[in-house]
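Trainee: Just my_file-v1.cif, nothing more (mmCIF, C-alpha atoms):
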```cif
data_target
loop_
_atom_site.label_atom_id
_atom_site.label_comp_id
_atom_site.auth_asym_id
_atom_site.auth_seq_id
_atom_site.Cartn_x
_atom_site.Cartn_y
_atom_site.Cartn_z
CA MET A 1 -71.58 2.03 29.31
CA GLY A 2 -74.22 -0.27 30.73
CA VAL A 3 -73.39 -3.17 33.01
CA THR A 4 -74.86 -6.65 32.79
CA LYS A 5 -75.93 -7.61 36.30
CA VAL A 6 -74.98 -11.08 37.46
CA ARG A 7 -77.98 -13.02 38.79
CA ARG A 8 -77.28 -15.61 41.42
CA SER A 9 -77.74 -19.14 40.05
CA ASN A 10 -80.36 -21.27 41.78
CA THR A 11 -79.77 -24.54 39.95
CA ALA A 12 -76.79 -26.51 38.73
CA ALA A 13 -77.87 -25.89 35.13
CA GLU A 14 -78.04 -22.13 35.67
CA ALA A 15 -74.64 -22.20 37.33
CA THR A 16 -73.13 -24.06 34.38
CA GLU A 17 -74.73 -21.60 31.93
CA HIS A 18 -73.44 -18.61 33.90
CA GLN A 19 -69.94 -20.10 34.01
CA ALA A 20 -69.94 -20.59 30.25
CA ILE A 21 -71.05 -16.99 29.63
CA THR A 22 -68.44 -15.65 32.06
CA GLN A 23 -65.64 -17.59 30.39
CA GLN A 24 -66.55 -16.08 27.02
CA GLU A 25 -66.20 -12.52 28.30
CA PRO A 26 -62.69 -11.06 27.94
CA ALA A 27 -60.96 -10.25 31.23
CA LEU A 28 -60.86 -6.53 31.96
CA SER A 29 -57.66 -4.78 32.96
CA THR A 30 -57.43 -3.01 36.30
CA VAL A 31 -57.51 0.34 34.50
CA GLU A 32 -60.67 -0.60 32.60
CA LYS A 33 -62.33 -1.85 35.79
CA TYR A 34 -61.55 1.50 37.37
CA ARG A 35 -63.18 3.28 34.44
CA ARG A 36 -66.29 1.13 34.64
CA TYR A 37 -66.77 0.45 38.31
CA VAL A 38 -64.77 2.84 40.52
CA ASN A 39 -66.23 6.32 40.93
CA ILE A 40 -63.27 8.48 39.95
CA SER A 41 -65.23 11.35 38.42
CA SER A 42 -64.07 13.64 41.25
CA VAL A 43 -60.39 12.96 40.44
CA LYS A 44 -58.72 15.10 37.79
CA SER A 45 -56.37 12.29 36.81
CA ILE A 46 -54.83 9.12 38.16
CA GLU A 47 -51.18 8.33 37.58
CA PRO A 48 -51.06 5.74 34.76
CA LEU A 49 -49.56 3.07 36.98
CA VAL A 50 -51.04 -0.17 38.27
CA VAL A 51 -49.20 -0.57 41.55
CA GLU A 52 -48.73 -4.16 42.67
CA ARG A 53 -46.39 -3.94 45.64
CA ALA A 54 -44.11 -1.57 47.49
CA GLU A 55 -41.24 -1.55 49.93
CA GLY A 56 -39.36 1.22 51.71
CA ALA A 57 -39.39 4.22 49.39
CA THR A 58 -40.19 2.33 46.19
CA VAL A 59 -43.31 1.03 44.49
CA ILE A 60 -43.41 -1.67 41.82
CA THR A 61 -46.07 -1.87 39.12
CA GLN A 62 -47.72 -4.90 37.51
CA ASP A 63 -45.37 -4.67 34.53
CA GLY A 64 -42.34 -4.93 36.82
CA LYS A 65 -41.21 -1.29 36.73
CA THR A 66 -39.80 0.22 39.93
CA TYR A 67 -40.52 3.82 40.91
CA LEU A 68 -39.00 6.01 43.60
CA ASP A 69 -41.95 7.15 45.70
CA CYS A 70 -41.47 10.76 46.77
CA PHE A 71 -45.11 11.31 47.74
CA ALA A 72 -45.61 8.42 50.22
CA GLY A 73 -49.31 7.96 49.53
CA ILE A 74 -49.82 11.67 50.34
CA ALA A 75 -47.47 11.70 53.33
CA VAL A 76 -48.79 8.50 54.90
CA VAL A 77 -46.11 5.78 54.89
CA ASN A 78 -43.59 7.82 56.87
CA ALA A 79 -41.89 4.69 58.21
CA GLY A 80 -41.72 3.23 54.72
CA HIS A 81 -43.90 0.93 52.66
CA ARG A 82 -44.41 -2.44 54.34
CA ASN A 83 -42.26 -1.61 57.33
CA PRO A 84 -41.29 -5.06 58.72
CA GLU A 85 -41.92 -4.14 62.36
CA VAL A 86 -45.35 -2.74 61.57
CA LEU A 87 -46.21 -5.84 59.55
CA ASP A 88 -45.12 -8.14 62.39
CA ALA A 89 -47.32 -6.27 64.85
CA VAL A 90 -50.26 -6.41 62.47
CA ARG A 91 -49.86 -10.14 61.85
CA ALA A 92 -49.76 -10.82 65.58
CA GLN A 93 -52.89 -8.77 66.16
CA LEU A 94 -54.74 -10.40 63.26
CA GLU A 95 -54.30 -13.75 64.97
CA LYS A 96 -55.98 -12.43 68.12
CA LEU A 97 -58.67 -9.86 67.29
CA ILE A 98 -59.72 -7.78 64.28
CA HIS A 99 -62.81 -5.96 65.50
CA CYS A 100 -65.18 -5.79 68.46
CA CYS A 101 -65.76 -1.99 68.66
CA SER A 102 -63.29 -0.30 70.94
CA TYR A 103 -65.98 1.92 72.43
CA VAL A 104 -68.08 -1.01 73.60
CA TYR A 105 -65.27 -3.14 75.10
CA TYR A 106 -61.81 -2.48 76.53
CA VAL A 107 -59.12 -3.43 74.00
CA GLU A 108 -55.43 -3.56 74.92
CA PRO A 109 -53.76 -2.06 71.79
CA VAL A 110 -56.19 0.85 71.90
CA ALA A 111 -55.25 1.67 75.48
CA ASP A 112 -51.55 1.19 74.75
CA LEU A 113 -51.53 3.50 71.73
CA ALA A 114 -53.48 6.16 73.60
CA GLU A 115 -50.90 6.00 76.40
CA ARG A 116 -48.05 6.32 73.90
CA LEU A 117 -49.68 9.34 72.25
CA ALA A 118 -50.15 11.04 75.61
CA GLN A 119 -46.41 10.59 76.20
CA ALA A 120 -45.34 11.69 72.71
CA THR A 121 -47.53 14.76 72.12
CA PRO A 122 -46.61 18.19 73.48
CA GLY A 123 -47.80 19.77 76.71
CA ASP A 124 -50.75 18.38 78.65
CA LEU A 125 -52.47 16.66 75.72
CA GLN A 126 -53.62 13.41 77.28
CA LYS A 127 -56.85 11.74 76.17
CA THR A 128 -57.28 10.44 72.61
CA PHE A 129 -60.42 9.64 70.65
CA PHE A 130 -59.72 7.25 67.77
CA CYS A 131 -61.52 7.38 64.43
CA ASN A 132 -60.67 6.32 60.87
CA SER A 133 -59.40 9.33 58.90
CA GLY A 134 -58.13 12.87 59.04
CA ALA A 135 -61.50 14.34 58.15
CA GLU A 136 -63.15 12.42 60.99
CA ALA A 137 -60.44 13.61 63.37
CA ILE A 138 -61.06 17.23 62.42
CA GLU A 139 -64.84 16.85 62.67
CA GLY A 140 -64.44 15.29 66.11
CA ALA A 141 -62.05 17.99 67.25
CA MET A 142 -64.51 20.67 66.15
CA ARG A 143 -67.35 19.01 68.02
CA LEU A 144 -65.22 18.65 71.14
CA ALA A 145 -64.33 22.35 70.99
CA ARG A 146 -68.01 23.22 70.85
CA THR A 147 -68.93 21.01 73.79
CA ALA A 148 -65.99 22.26 75.86
CA THR A 149 -66.69 25.95 75.30
CA GLY A 150 -70.43 26.11 74.73
CA LYS A 151 -69.66 28.25 71.67
CA GLN A 152 -70.37 27.44 68.05
CA GLU A 153 -68.17 29.52 65.72
CA PHE A 154 -64.71 28.95 64.25
CA ILE A 155 -61.82 30.91 62.79
CA ALA A 156 -59.98 29.24 59.91
CA LEU A 157 -57.41 30.28 57.32
CA HIS A 158 -57.43 31.09 53.64
CA ASN A 159 -55.69 28.42 51.57
CA SER A 160 -56.33 25.79 54.23
CA PHE A 161 -57.50 22.23 53.72
CA HIS A 162 -59.02 20.09 56.47
CA GLY A 163 -60.91 17.34 54.63
CA ARG A 164 -63.75 16.64 52.22
CA THR A 165 -66.71 16.09 54.51
CA ASN A 166 -69.30 18.83 54.83
CA GLY A 167 -68.00 19.93 58.22
CA THR A 168 -64.32 19.98 57.27
CA LEU A 169 -65.04 21.80 54.01
CA THR A 170 -66.81 24.45 56.06
CA VAL A 171 -63.45 25.38 57.61
CA THR A 172 -61.46 24.80 54.39
CA GLY A 173 -60.34 28.05 52.76
CA ASN A 174 -60.13 26.90 49.15
CA MET A 175 -62.89 27.48 46.61
CA GLY A 176 -61.47 24.78 44.36
CA ARG A 177 -62.27 22.16 47.00
CA LYS A 178 -65.68 23.62 47.89
CA LYS A 179 -67.28 24.44 44.55
CA ARG A 180 -70.57 22.76 43.63
CA GLY A 181 -70.94 21.53 47.20
CA GLY A 182 -72.36 24.49 49.08
CA PRO A 183 -73.84 26.04 50.99
CA TYR A 184 -71.67 24.88 53.84
CA GLY A 185 -72.13 25.44 57.54
CA SER A 186 -72.28 28.97 58.90
CA GLY A 187 -70.31 30.47 61.75
CA VAL A 188 -66.82 30.43 60.20
CA ALA A 189 -64.68 33.50 59.65
CA PHE A 190 -61.44 33.30 57.65
CA ALA A 191 -58.13 35.03 58.23
CA PRO A 192 -55.26 35.33 55.71
CA ALA A 193 -52.87 32.43 55.45
CA PRO A 194 -49.32 32.95 56.79
CA TYR A 195 -48.07 32.64 53.20
CA ARG A 196 -44.88 34.68 53.06
CA TYR A 197 -44.25 34.22 49.34
CA ARG A 198 -47.63 35.76 48.44
CA CYS A 199 -48.19 37.95 51.51
CA ARG A 200 -50.06 41.20 50.86
CA TYR A 201 -49.19 42.65 54.25
CA CYS A 202 -45.40 42.61 54.24
CA GLN A 203 -44.69 43.80 50.69
CA GLY A 204 -41.83 46.23 50.90
CA ALA A 205 -41.09 45.37 54.52
CA SER A 206 -37.57 44.21 55.37
CA ALA A 207 -38.96 41.36 57.52
CA CYS A 208 -42.21 39.65 58.39
CA THR A 209 -44.37 41.87 60.62
CA LEU A 210 -46.73 39.04 61.64
CA ALA A 211 -49.62 41.13 60.38
CA CYS A 212 -51.16 37.86 59.17
CA ALA A 213 -51.32 36.74 62.81
CA ASP A 214 -52.84 40.05 63.92
CA ALA A 215 -55.48 39.56 61.21
CA VAL A 216 -56.88 36.67 63.26
CA GLU A 217 -58.14 39.26 65.75
CA ASP A 218 -59.74 41.19 62.90
CA ALA A 219 -61.55 38.02 61.83
CA ILE A 220 -62.85 37.59 65.37
CA GLN A 221 -64.00 41.17 65.73
CA TYR A 222 -65.50 41.69 62.28
CA GLY A 223 -66.50 38.22 61.10
CA THR A 224 -68.10 36.58 64.12
CA SER A 225 -70.71 37.16 66.79
CA GLY A 226 -68.06 36.68 69.45
CA ALA A 227 -69.07 33.10 70.24
CA VAL A 228 -65.94 31.47 68.77
CA ALA A 229 -65.16 27.96 70.01
CA ALA A 230 -61.82 27.48 68.28
CA PHE A 231 -59.23 28.61 65.78
CA ILE A 232 -58.15 25.77 63.49
CA ALA A 233 -54.96 25.69 61.46
CA GLU A 234 -52.53 23.24 59.89
CA SER A 235 -49.14 23.44 61.58
CA VAL A 236 -47.70 23.37 58.05
CA MET A 237 -50.25 23.85 55.28
CA GLY A 238 -50.04 20.80 53.02
CA GLU A 239 -52.60 20.86 50.22
CA GLY A 240 -52.29 24.66 50.10
CA GLY A 241 -48.74 24.30 48.82
CA ILE A 242 -46.47 23.35 51.76
CA ILE A 243 -46.80 26.73 53.46
CA VAL A 244 -44.62 27.11 56.55
CA PRO A 245 -45.86 29.82 58.97
CA PRO A 246 -43.23 32.43 59.86
CA ASP A 247 -41.46 32.24 63.21
CA GLY A 248 -43.63 33.66 65.96
CA TYR A 249 -46.89 33.25 64.05
CA PHE A 250 -48.56 30.70 66.32
CA ALA A 251 -47.26 32.37 69.49
CA ARG A 252 -48.86 35.66 68.43
CA VAL A 253 -52.09 33.92 67.44
CA LYS A 254 -52.21 32.06 70.78
CA GLU A 255 -52.00 35.35 72.65
CA ILE A 256 -55.02 36.60 70.70
CA LEU A 257 -56.97 33.40 71.29
CA GLU A 258 -56.36 33.49 75.04
CA LYS A 259 -57.57 37.09 75.12
CA TYR A 260 -60.94 35.95 73.76
CA GLY A 261 -61.15 32.54 75.45
CA ILE A 262 -60.82 30.64 72.17
CA LEU A 263 -59.31 27.15 71.83
CA PHE A 264 -56.58 26.26 69.31
CA ILE A 265 -57.04 23.14 67.18
CA ALA A 266 -53.79 22.12 65.50
CA ASP A 267 -54.29 20.05 62.35
CA GLU A 268 -51.32 17.66 62.27
CA VAL A 269 -52.98 15.22 59.89
CA GLN A 270 -50.30 15.69 57.23
CA SER A 271 -47.45 17.33 59.13
CA GLY A 272 -47.38 14.92 62.06
CA PHE A 273 -45.30 11.84 62.87
CA GLY A 274 -41.84 13.02 61.97
CA ARG A 275 -42.63 14.51 58.59
CA THR A 276 -41.23 18.00 59.32
CA GLY A 277 -38.17 17.07 61.40
CA LYS A 278 -40.00 16.98 64.72
CA LEU A 279 -42.59 14.45 65.79
CA PHE A 280 -45.24 17.16 65.37
CA ALA A 281 -44.72 20.37 63.41
CA ILE A 282 -46.40 22.55 66.05
CA GLU A 283 -43.36 21.85 68.28
CA TYR A 284 -41.39 24.39 66.24
CA SER A 285 -43.64 27.14 67.58
CA GLY A 286 -43.29 26.38 71.27
CA VAL A 287 -47.09 26.54 71.49
CA THR A 288 -49.21 23.71 72.86
CA PRO A 289 -52.58 23.39 71.13
CA ASP A 290 -55.74 22.72 73.10
CA ILE A 291 -56.78 19.96 70.72
CA MET A 292 -54.66 18.21 68.10
CA ALA A 293 -55.90 16.12 65.17
CA MET A 294 -53.78 13.32 63.68
CA ALA A 295 -54.05 10.73 60.88
CA LYS A 296 -51.99 9.83 57.77
CA GLY A 297 -48.59 8.91 59.27
CA ILE A 298 -50.04 7.61 62.52
CA ALA A 299 -50.12 3.92 61.47
CA ASP A 300 -47.88 3.74 58.38
CA GLY A 301 -50.73 3.13 55.94
CA PHE A 302 -53.35 1.43 58.10
CA PRO A 303 -56.57 3.47 58.39
CA LEU A 304 -56.56 5.41 61.64
CA GLY A 305 -57.31 8.94 62.76
CA ALA A 306 -57.29 10.53 66.20
CA PHE A 307 -57.72 13.74 68.15
CA ILE A 308 -56.19 14.37 71.55
CA ALA A 309 -56.90 16.94 74.25
CA PRO A 310 -56.16 17.62 77.91
CA GLU A 311 -58.40 15.78 80.35
CA ARG A 312 -60.38 18.90 81.26
CA ILE A 313 -61.36 19.37 77.60
CA ALA A 314 -61.63 15.73 76.55
CA ASP A 315 -64.10 14.94 79.32
CA SER A 316 -66.51 17.57 78.01
CA PHE A 317 -68.21 14.88 75.92
CA GLN A 318 -71.26 13.36 77.56
CA PRO A 319 -72.57 9.83 76.85
CA GLY A 320 -73.99 9.52 73.35
CA GLU A 321 -72.40 12.70 72.00
CA HIS A 322 -69.67 10.99 69.99
CA LEU A 323 -68.79 7.47 68.83
CA SER A 324 -67.15 5.52 66.00
CA THR A 325 -67.91 1.90 65.10
CA PHE A 326 -64.55 1.24 63.48
CA GLY A 327 -62.55 3.90 65.32
CA GLY A 328 -59.68 2.45 67.31
CA ASN A 329 -59.56 -0.74 65.27
CA PRO A 330 -57.21 -3.11 67.13
CA VAL A 331 -55.20 -3.95 64.00
CA SER A 332 -54.68 -0.29 63.10
CA CYS A 333 -53.77 0.54 66.70
CA ALA A 334 -51.22 -2.29 66.78
CA ALA A 335 -49.74 -0.81 63.62
CA GLY A 336 -49.71 2.61 65.25
CA ILE A 337 -47.78 1.35 68.29
CA ALA A 338 -45.14 -0.40 66.15
CA ASN A 339 -44.94 2.62 63.86
CA LEU A 340 -44.32 5.01 66.75
CA ASP A 341 -41.81 2.67 68.38
CA PHE A 342 -39.83 2.37 65.14
CA MET A 343 -40.06 6.10 64.48
CA LEU A 344 -38.67 7.09 67.86
CA ARG A 345 -36.01 4.38 68.07
CA GLU A 346 -34.66 5.14 64.59
CA ASP A 347 -35.10 8.90 65.12
CA LEU A 348 -37.09 9.35 61.91
CA PRO A 349 -37.86 12.97 62.82
CA GLY A 350 -34.13 13.66 63.07
CA GLN A 351 -33.52 11.82 59.83
CA ALA A 352 -36.20 13.91 58.14
CA ALA A 353 -34.60 17.09 59.45
CA ARG A 354 -31.14 16.19 58.17
CA LYS A 355 -32.27 14.81 54.83
CA GLY A 356 -34.64 17.73 54.32
CA GLU A 357 -31.94 20.30 55.06
CA TRP A 358 -29.64 18.69 52.50
CA LEU A 359 -32.39 18.44 49.89
CA MET A 360 -33.55 22.03 50.43
CA GLU A 361 -30.00 23.26 49.82
CA ARG A 362 -29.78 21.33 46.55
CA LEU A 363 -33.21 22.58 45.49
CA GLY A 364 -32.03 26.10 46.29
CA ASP A 365 -29.16 25.55 43.84
CA LEU A 366 -31.73 24.57 41.19
CA ALA A 367 -33.74 27.71 41.96
CA ALA A 368 -30.65 29.82 41.26
CA ARG A 369 -30.31 28.05 37.93
CA PHE A 370 -33.94 27.88 36.75
CA PRO A 371 -36.11 31.04 36.84
CA LEU A 372 -39.16 28.77 36.68
CA ILE A 373 -38.68 28.11 40.41
CA GLY A 374 -40.21 30.96 42.37
CA GLU A 375 -39.58 29.59 45.85
CA VAL A 376 -38.38 26.47 47.63
CA ARG A 377 -39.85 26.04 51.11
CA GLY A 378 -40.62 23.41 53.69
CA ARG A 379 -39.54 21.68 56.85
CA GLY A 380 -37.93 18.28 57.06
CA LEU A 381 -39.21 16.10 54.26
CA MET A 382 -42.33 18.19 53.68
CA ILE A 383 -41.07 20.35 50.82
CA GLY A 384 -42.78 22.52 48.24
CA VAL A 385 -41.27 23.95 45.05
CA GLU A 386 -43.49 26.74 43.73
CA LEU A 387 -43.23 27.30 39.98
CA VAL A 388 -43.91 30.64 38.29
CA THR A 389 -43.61 31.88 34.73
CA ASP A 390 -42.61 35.36 35.93
CA ARG A 391 -40.71 35.81 39.18
CA THR A 392 -41.66 39.46 39.51
CA ALA A 393 -45.38 38.95 38.95
CA LYS A 394 -45.26 35.48 40.58
CA THR A 395 -47.52 34.14 37.84
CA PRO A 396 -48.45 30.54 38.75
CA ALA A 397 -47.04 27.91 36.37
CA ALA A 398 -49.59 25.12 36.81
CA ASN A 399 -49.10 23.58 33.37
CA GLN A 400 -45.37 23.38 33.89
CA ALA A 401 -45.86 21.76 37.30
CA ASN A 402 -48.02 19.03 35.81
CA ARG A 403 -45.56 18.55 32.96
CA ILE A 404 -42.66 18.16 35.39
CA ARG A 405 -44.60 15.59 37.40
CA ASP A 406 -45.17 13.62 34.18
CA LEU A 407 -41.52 13.86 33.18
CA LEU A 408 -40.42 12.67 36.60
CA ARG A 409 -42.75 9.70 36.37
CA GLU A 410 -41.25 8.83 32.99
CA ARG A 411 -37.86 8.86 34.74
CA GLY A 412 -39.10 6.60 37.51
CA VAL A 413 -39.83 9.19 40.22
CA LEU A 414 -43.24 9.97 41.73
CA ILE A 415 -44.12 13.32 43.31
CA GLY A 416 -47.29 15.30 43.99
CA VAL A 417 -48.59 18.62 42.72
CA GLY A 418 -50.65 21.00 44.86
CA GLY A 419 -51.13 24.57 45.98
CA HIS A 420 -54.12 26.82 45.49
CA PHE A 421 -53.04 27.44 41.89
CA GLY A 422 -51.83 23.89 41.23
CA ASN A 423 -48.26 25.11 40.68
CA VAL A 424 -46.37 23.62 43.63
CA LEU A 425 -44.31 20.44 43.35
CA ARG A 426 -44.88 18.44 46.53
CA ILE A 427 -41.92 16.36 47.71
CA GLN A 428 -42.96 14.21 50.69
CA PRO A 429 -41.18 10.85 50.53
CA PRO A 430 -41.09 8.14 53.20
CA LEU A 431 -38.74 9.32 55.92
CA VAL A 432 -36.63 6.18 55.45
CA ILE A 433 -35.61 7.31 51.95
CA GLU A 434 -31.88 6.87 51.38
CA GLN A 435 -29.34 9.49 50.32
CA ALA A 436 -28.76 7.81 46.96
CA GLN A 437 -32.49 7.90 46.31
CA LEU A 438 -32.64 11.63 47.06
CA GLU A 439 -29.83 12.11 44.55
CA THR A 440 -31.90 10.16 42.00
CA LEU A 441 -34.79 12.55 42.64
CA LEU A 442 -32.55 15.57 42.12
CA ALA A 443 -31.07 14.23 38.89
CA ALA A 444 -34.50 13.48 37.46
CA LEU A 445 -35.86 16.87 38.55
CA THR A 446 -32.91 18.65 36.96
CA GLU A 447 -33.56 16.88 33.67
CA ALA A 448 -37.27 17.71 33.84
CA LEU A 449 -36.56 21.37 34.55
CA GLU A 450 -34.20 21.53 31.60
CA VAL A 451 -36.91 20.14 29.30
CA VAL A 452 -39.71 22.38 30.57
CA SER A 453 -37.62 25.53 30.90
#
```
Could you write out this file's structure as structure tokens?

Mentor:
Amino acid sequence: MGVTKVRRSNTAAEATEHQAITQQEPALSTVEKYRRYVNISSVKSIEPLVVERAEGATVITQDGKTYLDCFAGIAVVNAGHRNPEVLDAVRAQLEKLIHCCSYVYYVEPVADLAERLAQATPGDLQKTFFCNSGAEAIEGAMRLARTATGKQEFIALHNSFHGRTNGTLTVTGNMGRKKRGGPYGSGVAFAPAPYRYRCRYCQGASACTLACADAVEDAIQYGTSGAVAAFIAESVMGEGGIIVPPDGYFARVKEILEKYGILFIADEVQSGFGRTGKLFAIEYSGVTPDIMAMAKGIADGFPLGAFIAPERIADSFQPGEHLSTFGGNPVSCAAGIANLDFMLREDLPGQAARKGEWLMERLGDLAARFPLIGEVRGRGLMIGVELVTDRTAKTPAANQANRIRDLLRERGVLIGVGGHFGNVLRIQPPLVIEQAQLETLLAALTEALEVVS
């Protein structure tokens, strides 16, 4: 549909004429404006909701309906929608400074948040570079690894997702996210994902053999020239279907990386900031990454990304090699400080662990009742429910997953759907979600499973 361009009026008469024409045109709904003016051709579908406001673990639409949000803006508002302490910090910062470029001038909230992250992250991670998104954080981490090592290649994982820029798609192991966009950058070798439910290595074995970790060495030896800067992996794979690596996986991989002088970039964009029951999911492994990328939950909805490294690695950048105009925005950094303060004081990671354990047990009961559920997995409040039409063949049930999401929405509950095959229900609510709200989720999910099954 064509669009009539609005020409700026130069005279009072033209202004009056334009006003008369505008008043005759019917007002468009938000949905229709999206269809006409927002480029959503890359999105399979948008939930048929016009969200007007939100609070805690609920969102309210323009027509006054309230929905239980169990997706949190794709695992972003970990401290809850419109967290009062975050809002207070943002209001205070808005009154003082919005932007001046934090890489041209010294800005207090930027320094303060960087200090807090150095204290909160594992090991000797110390110096943070701030950007605007998870994809930027990953791109920056990759560039830092190259400058620190003088090497150019990377090892990544099948089923991984690291962003939608050209560089992050290069290390993303999912054809569905990469199609019609190639060729991507060279110098990346892929190893199998630590995906126990669909593992081809351990079939018939009584326990995980960590062959998927050993395969990282195969990728180095057979898929690279030997000039590998870093191995990059999500601490828990989010878009790939909430895949939790088996115990010992990252420890084994780290041994291999140290053998070849390769850095480890941990992607905590989705799994970080309390989501999995620890502040960062990599803490479960006992391994300290060389570089860690963060975003999503870092500022409770305000746009901010970051990557952090020890001083010896961070200082590898030379003047002019990296910068961000909006990175380290003072308002977003003020939100990040308040978010982290609230998260630690209220022990949101511990809350996520306890609530997630309870929810996983209840979901396990549903799995025993409904053969459509192939596996329930996750950590904390980062939970995936993989649906299959045949448990023996593990045939992905993508249509059923989408249908269940729709049925839950009709019952006032919002979740996500993901996984390589589009058959995994993604349950990732704000960590402040209440017990009664989790019970509402379970009741609605039970009803949806009964309908679909």

Trainee: Show me, as an mmCIF file with C-alpha atoms, keeping the file's coordinate frame, the residues that have an atom within 10 Å of Leu94 of chain A when counting only C-alpha atoms, minus same-chain residues fewer than 4 positions from it.

Mentor:
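The resulting out18.cif:
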```
data_model
loop_
_atom_site.group_PDB
_atom_site.id
_atom_site.type_symbol
_atom_site.label_atom_id
_atom_site.label_comp_id
_atom_site.auth_asym_id
_atom_site.auth_seq_id
_atom_site.Cartn_x
_atom_site.Cartn_y
_atom_site.Cartn_z
ATOM 1 C CA ASP A 88 -45.120 -8.140 62.390
ATOM 2 C CA ALA A 89 -47.320 -6.270 64.850
ATOM 3 C CA VAL A 90 -50.260 -6.410 62.470
ATOM 4 C CA ILE A 98 -59.720 -7.780 64.280
ATOM 5 C CA HIS A 99 -62.810 -5.960 65.500
ATOM 6 C CA PRO A 330 -57.210 -3.110 67.130
ATOM 7 C CA VAL A 331 -55.200 -3.950 64.000
ATOM 8 C CA ALA A 334 -51.220 -2.290 66.780
#
```

Trainee: Would you mind listing what lies within 12 Å of Ile74 of chain A as a short mmCIF file (atom, residue, chain, number, x, y, z; two decimals) with C-alpha atoms, in the coordinates of the input, with all atoms listed in the file counted and same-chain residues fewer than 2 positions away left out?

Mentor:
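Written output follows (result12.cif):
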```cif
data_model
loop_
_atom_site.label_atom_id
_atom_site.label_comp_id
_atom_site.auth_asym_id
_atom_site.auth_seq_id
_atom_site.Cartn_x
_atom_site.Cartn_y
_atom_site.Cartn_z
CA ASP A 69 -41.95 7.15 45.70
CA CYS A 70 -41.47 10.76 46.77
CA PHE A 71 -45.11 11.31 47.74
CA ALA A 72 -45.61 8.42 50.22
CA VAL A 76 -48.79 8.50 54.90
CA VAL A 77 -46.11 5.78 54.89
CA ASN A 78 -43.59 7.82 56.87
CA GLY A 238 -50.04 20.80 53.02
CA GLU A 239 -52.60 20.86 50.22
CA VAL A 269 -52.98 15.22 59.89
CA GLN A 270 -50.30 15.69 57.23
CA SER A 271 -47.45 17.33 59.13
CA ARG A 275 -42.63 14.51 58.59
CA ALA A 295 -54.05 10.73 60.88
CA LYS A 296 -51.99 9.83 57.77
CA GLY A 297 -48.59 8.91 59.27
CA ASP A 300 -47.88 3.74 58.38
CA GLY A 301 -50.73 3.13 55.94
CA MET A 382 -42.33 18.19 53.68
CA LEU A 414 -43.24 9.97 41.73
CA ILE A 415 -44.12 13.32 43.31
CA GLY A 416 -47.29 15.30 43.99
CA VAL A 417 -48.59 18.62 42.72
CA GLY A 418 -50.65 21.00 44.86
CA ARG A 426 -44.88 18.44 46.53
CA ILE A 427 -41.92 16.36 47.71
CA GLN A 428 -42.96 14.21 50.69
CA PRO A 429 -41.18 10.85 50.53
CA PRO A 430 -41.09 8.14 53.20
#
```

Trainee: Give me, please, the distance in Å between atom CA of Phe154 of chain A and atom CA of Phe280 of chain A, quoted to one decimal.

Mentor: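 Straight-line distance from atom CA of Phe154 of chain A to atom CA of Phe280 of chain A works out to 22.8 Å.
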
Trainee: Kindly indicate which residue among A:Asn174, A:Leu97, A:Gln318, A:Pro246 lies nearest to Ala207 of chain A, using only C-alpha atoms for the distances.

Mentor: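 For Ala207 of chain A, the nearest of the given residues is A:Pro246.
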
Trainee: Which residue, A:Tyr197, A:Tyr222, A:Phe250, A:Tyr284, has the smallest gap to Pro396 of chain A when you use all atoms listed in the file?

Mentor: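 Answer, going by the shortest atom-to-atom distance: A:Tyr197.
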
Trainee: Mind telling me what the PyMOL selection byres ((chain A and resi 228) around 8) catches here, as a list of chain:residue names?

Mentor: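 Checking the PyMOL selection byres ((chain A and resi 228) around 8) against this file, the residues are A:Lys151, A:Gln152, A:Glu153, A:Phe154, A:Ile155, A:Ile220, A:Thr224, A:Ser225, A:Gly226, A:Ala227, A:Ala229, A:Ala230, A:Phe231, A:Ile262.
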
Trainee: May I have the selected residues written with C-alpha atoms, as a PDB file, in the coordinates of the input?

Mentor:
```pdb
ATOM      1  CA  LYS A 151     -69.660  28.250  71.670  1.00  0.00           C
ATOM      2  CA  GLN A 152     -70.370  27.440  68.050  1.00  0.00           C
ATOM      3  CA  GLU A 153     -68.170  29.520  65.720  1.00  0.00           C
ATOM      4  CA  PHE A 154     -64.710  28.950  64.250  1.00  0.00           C
ATOM      5  CA  ILE A 155     -61.820  30.910  62.790  1.00  0.00           C
ATOM      6  CA  ILE A 220     -62.850  37.590  65.370  1.00  0.00           C
ATOM      7  CA  THR A 224     -68.100  36.580  64.120  1.00  0.00           C
ATOM      8  CA  SER A 225     -70.710  37.160  66.790  1.00  0.00           C
ATOM      9  CA  GLY A 226     -68.060  36.680  69.450  1.00  0.00           C
ATOM     10  CA  ALA A 227     -69.070  33.100  70.240  1.00  0.00           C
ATOM     11  CA  ALA A 229     -65.160  27.960  70.010  1.00  0.00           C
ATOM     12  CA  ALA A 230     -61.820  27.480  68.280  1.00  0.00           C
ATOM     13  CA  PHE A 231     -59.230  28.610  65.780  1.00  0.00           C
ATOM     14  CA  ILE A 262     -60.820  30.640  72.170  1.00  0.00           C
TER      15      ILE A 262
END
```

Trainee: Distance atom CA of Val107 of chain A-atom CA of Leu304 of chain A, one decimal place?

Mentor: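 Interatomic distance, atom CA of Val107 of chain A to atom CA of Leu304 of chain A: 15.4 Å.
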
Trainee: Which is closer to Val86 of chain A than all the others in A:Leu387, A:Leu257, A:Gln435, A:Ala299, using all atoms listed in the file?

Mentor: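 Residue with the minimum atom-to-atom distance to Val86 of chain A: A:Ala299.
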